Structure formats: C-alpha cells, structure tokens
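Asks: Below is a structure I'd like to ask you about.
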Amino acid sequence: MPRRETYAQGSPCWVDYMAADPEGARDFYARLFGWTFDEPEEYGYRLARQAGEVVGGFGRVPPGRGLPPTWNTYLAAKDADAVAGRVTALGGTVVFGPLGAGEDGRFLFAVDATGVSVGFWQGHWAEGIVLIDEYGATCGHELWAADPAAARAFYAGLFGEDPGHGREVRGVPHGVSPQWVSYFLVDDVPSAAVAVERAGGRVAEAGDDGREAVVRDPWGALFGVRDGRSRSAGGTR
C-alpha cells in the first residue's frame, strides 16, 4: 500500500477524534475499521493505525467545556504563524496556537469566517497521515458551510487558490451544524451503516447508489463512509 509523505498547502492532511468516552469510542472504531491504537502520549492522545500505518489521532474532549465529541480536520500549513495571521485578516478566529507538538511540528486551531472549526498542521518530519485512500483510512473531506461562496473565498484567500486538494465545499443539510466531514473507505457501505446502527449510531444521510453515507457514531460525532469504487483517480476528493 502506498505511503503519503507530502501534502500540498491547504490540503487535508490529518484528522483526529475527540471522545467523551475514549474506551468505548476506541472499541467502536476498532470494530468498524479494524483500527489499533498506540499507547497514550501526552494528555492521553493516541495514534490510530490501520495495518500498522497511522490514519489519525484519538484524544479526549476537554472536560468542563460542554464540547461534544467530534471529528476534526486539519489542513497542511507550510508556515503556521503566517496562516494564523491570515485567518484573522480574513475574518476568522484563532482559538489556540500555533503550538509546538514536540519535535513533530506545530499546529493551531481556528474558526473560519463562516463559523466552522478547522485545524492546521505544519509537520517537521511527517506532513500528515501516511495512509490514505485505503480501507479504514480517510478517502475524502467535505466542508459543509452555511455560506459555501464565503467559505470558498476564505480558503482561497488563505491559500491563494480555489478549494481543491481534497477540499470539497457544499451547503449544510437540514438539521446538521456547519462542519468539516471526513470520509473513510470501507468494503461495503450498507454493511458499515448497519454496523453503526447496531452499535447505537445512526445514518444521517445516505447516498442514492449505496456507495456513500454520512453517519453519526453512538456519541453523535459525524463522519462519512465510501466504498472502494468511490476512490478518485488522483486520491482524496
């Protein structure tokens, strides 16, 4: 399986999950995707792996802040400080950072100009997830924005080009909050949806052809699943 070593500026390069029930969530995603988890690092953060390769991170919702469990998407940044400055200049808000992540890199977390949370990662060694477009790994990302035109303008201003590099922008379905949605590759979408429902989650949006679905895990976090036929020729879409 190919390993991803570099990411274009502004392309989704990392995902992590913030759990309210870390043990239960690890068991859920291990059963659904076949993941294993490293021993915890600082603050209980773990790396998730598929077939031994890193596919994302797994942490815990900060206590006492009333935040829901969620999947976070991070975009590749060649200069985290410059990105932080542009976020503010374009009408977004830097929530925290840039902060160091040991010797691995620097990151920041922000809210874009349309009110959607997004992270940025400047990797010193690895520029992001090393396994994508394989079963149990990410295979695409969408930004569900209340104002898609404003979202496109924000990210175009941030990175100097129109959304691309695995960033798709669409409107927000009824009853869903604006957010980034990460998709994971599975063997069979209907079977994955059934597994989610049996574990206490639910299907939020099902594709007409059965090759894609957006689901909520048992704690309410939103993510998508796609089958192998949905892989684009150039990677994530």
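In the structure tokens, the first chain shown is A, the next is B, and so on; residue numbers restart at 1 for each chain, and ligands run from 1 in the order shown.
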Need to verify the contact set: Gly85 of chain A, 12 Å, only C-alpha atoms, exclusion of same-chain residues closer than 4 positions in sequence. Can you return it as a ChimeraX atom specification?
Replies: /A:79-81,89-94,97-98,108,110,157-158
Asks: For the structure I just gave you, how does DSSP split chain A - specifically, which residues are strand (DSSP E or B)? Reply as number ranges by chain.
Replies: A: 12-19, 36-37, 46-50, 53-60, 70-76, 93-100, 105-111, 117-123, 135, 138-144, 167-170, 179-186, 202-206, 212-216, 222-227, 232, 235
Asks: Go ahead and dump the residues you just picked, C-alpha atoms, as a tab-separated table (two decimals), in the first residue's frame.
Replies:
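This went into again_16.tsv:
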```
chain	number	residue	atom	x	y	z
A	12	PRO	CA	-6.48	17.98	4.40
A	13	CYS	CA	-3.54	16.22	5.99
A	14	TRP	CA	-4.71	14.99	9.39
A	15	VAL	CA	-7.85	14.01	11.27
A	16	ASP	CA	-8.41	13.35	14.92
A	17	TYR	CA	-11.32	12.36	17.10
A	18	MET	CA	-12.14	13.98	20.43
A	19	ALA	CA	-14.02	11.44	22.53
A	36	THR	CA	-5.44	-0.45	16.53
A	37	PHE	CA	-4.24	2.27	18.90
A	46	ARG	CA	-3.17	8.20	20.86
A	47	LEU	CA	-2.33	7.46	17.26
A	48	ALA	CA	-4.82	5.27	15.38
A	49	ARG	CA	-3.41	2.75	12.92
A	50	GLN	CA	-4.67	0.58	10.09
A	53	GLU	CA	0.21	2.71	9.39
A	54	VAL	CA	-1.01	5.93	11.02
A	55	VAL	CA	-4.51	7.01	9.93
A	56	GLY	CA	-5.22	9.72	12.51
A	57	GLY	CA	-5.30	10.70	16.15
A	58	PHE	CA	-7.59	9.94	19.07
A	59	GLY	CA	-7.99	12.22	22.06
A	60	ARG	CA	-10.47	13.24	24.71
A	70	THR	CA	-16.29	15.37	17.14
A	71	TRP	CA	-14.00	14.59	14.24
A	72	ASN	CA	-11.54	17.41	13.43
A	73	THR	CA	-9.95	18.08	10.05
A	74	TYR	CA	-6.51	19.69	9.76
A	75	LEU	CA	-5.14	21.40	6.64
A	76	ALA	CA	-1.46	21.39	5.67
A	93	THR	CA	-10.64	33.49	14.71
A	94	VAL	CA	-7.61	31.65	16.06
A	95	VAL	CA	-8.80	29.57	19.02
A	96	PHE	CA	-5.32	28.48	20.13
A	97	GLY	CA	-1.83	28.22	18.74
A	98	PRO	CA	0.36	27.93	16.92
A	99	LEU	CA	1.70	25.47	19.45
A	100	GLY	CA	4.58	23.03	19.29
A	105	GLY	CA	5.66	20.02	14.14
A	106	ARG	CA	3.37	22.90	15.05
A	107	PHE	CA	-0.39	23.26	14.92
A	108	LEU	CA	-3.20	25.71	15.51
A	109	PHE	CA	-6.95	25.50	15.74
A	110	ALA	CA	-9.28	28.15	14.37
A	111	VAL	CA	-12.82	29.04	13.38
A	117	SER	CA	-13.84	24.85	13.27
A	118	VAL	CA	-10.68	23.77	11.43
A	119	GLY	CA	-7.13	22.84	12.36
A	120	PHE	CA	-3.81	23.47	10.63
A	121	TRP	CA	-0.69	21.33	10.83
A	122	GLN	CA	2.89	22.22	9.95
A	123	GLY	CA	4.81	18.97	10.08
A	135	TYR	CA	-9.68	0.59	3.56
A	138	THR	CA	-9.57	8.67	5.01
A	139	CYS	CA	-10.59	8.97	1.37
A	140	GLY	CA	-12.06	12.47	1.17
A	141	HIS	CA	-13.15	15.57	3.04
A	142	GLU	CA	-16.05	17.98	2.65
A	143	LEU	CA	-16.72	21.36	4.18
A	144	TRP	CA	-20.42	21.72	4.97
A	167	ARG	CA	-11.40	20.09	-0.11
A	168	GLU	CA	-14.98	19.98	-1.36
A	169	VAL	CA	-17.45	22.67	-0.27
A	170	ARG	CA	-21.21	22.17	-0.12
A	179	GLN	CA	-18.59	21.47	9.93
A	180	TRP	CA	-15.86	19.58	8.16
A	181	VAL	CA	-16.80	15.96	7.37
A	182	SER	CA	-14.14	13.30	6.84
A	183	TYR	CA	-14.87	10.16	4.81
A	184	PHE	CA	-13.35	6.73	5.40
A	185	LEU	CA	-13.07	3.86	2.92
A	186	VAL	CA	-14.99	0.66	3.73
A	202	ARG	CA	-27.46	6.32	13.09
A	203	VAL	CA	-27.38	7.21	9.40
A	204	ALA	CA	-27.61	10.97	8.88
A	205	GLU	CA	-27.50	10.98	5.07
A	206	ALA	CA	-27.45	8.06	2.63
A	212	GLU	CA	-21.63	6.64	0.24
A	213	ALA	CA	-23.25	7.55	3.56
A	214	VAL	CA	-22.80	10.07	6.35
A	215	VAL	CA	-23.38	8.64	9.81
A	216	ARG	CA	-23.28	9.60	13.46
A	222	LEU	CA	-20.47	12.92	12.26
A	223	PHE	CA	-18.31	11.16	9.65
A	224	GLY	CA	-18.74	9.59	6.24
A	225	VAL	CA	-18.07	6.21	4.65
A	226	ARG	CA	-17.40	5.44	0.99
A	227	ASP	CA	-16.70	2.19	-0.78
A	232	SER	CA	-10.92	9.17	-7.32
A	235	GLY	CA	-6.60	10.31	-4.41
```
Asks: Between atom CA of Trp35 of chain A and atom CA of Asp208 of chain A, measure the distance and give it in Å to one decimal.
Replies: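 Atom CA of Asp208 of chain A lies 28.1 Å from atom CA of Trp35 of chain A.
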Asks: Let me make sure I understand: among A:Tyr43, A:Tyr29, A:Trp125, A:Tyr155, which one has the smallest atom-to-atom distance to Ala195 of chain A if we use only C-alpha atoms?
Replies: A:Tyr29
Asks: Between atom CA of Ile129 of chain A and atom CA of Arg4 of chain A, what is the spacing in Å?
Replies: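 The value is 6.9 Å.
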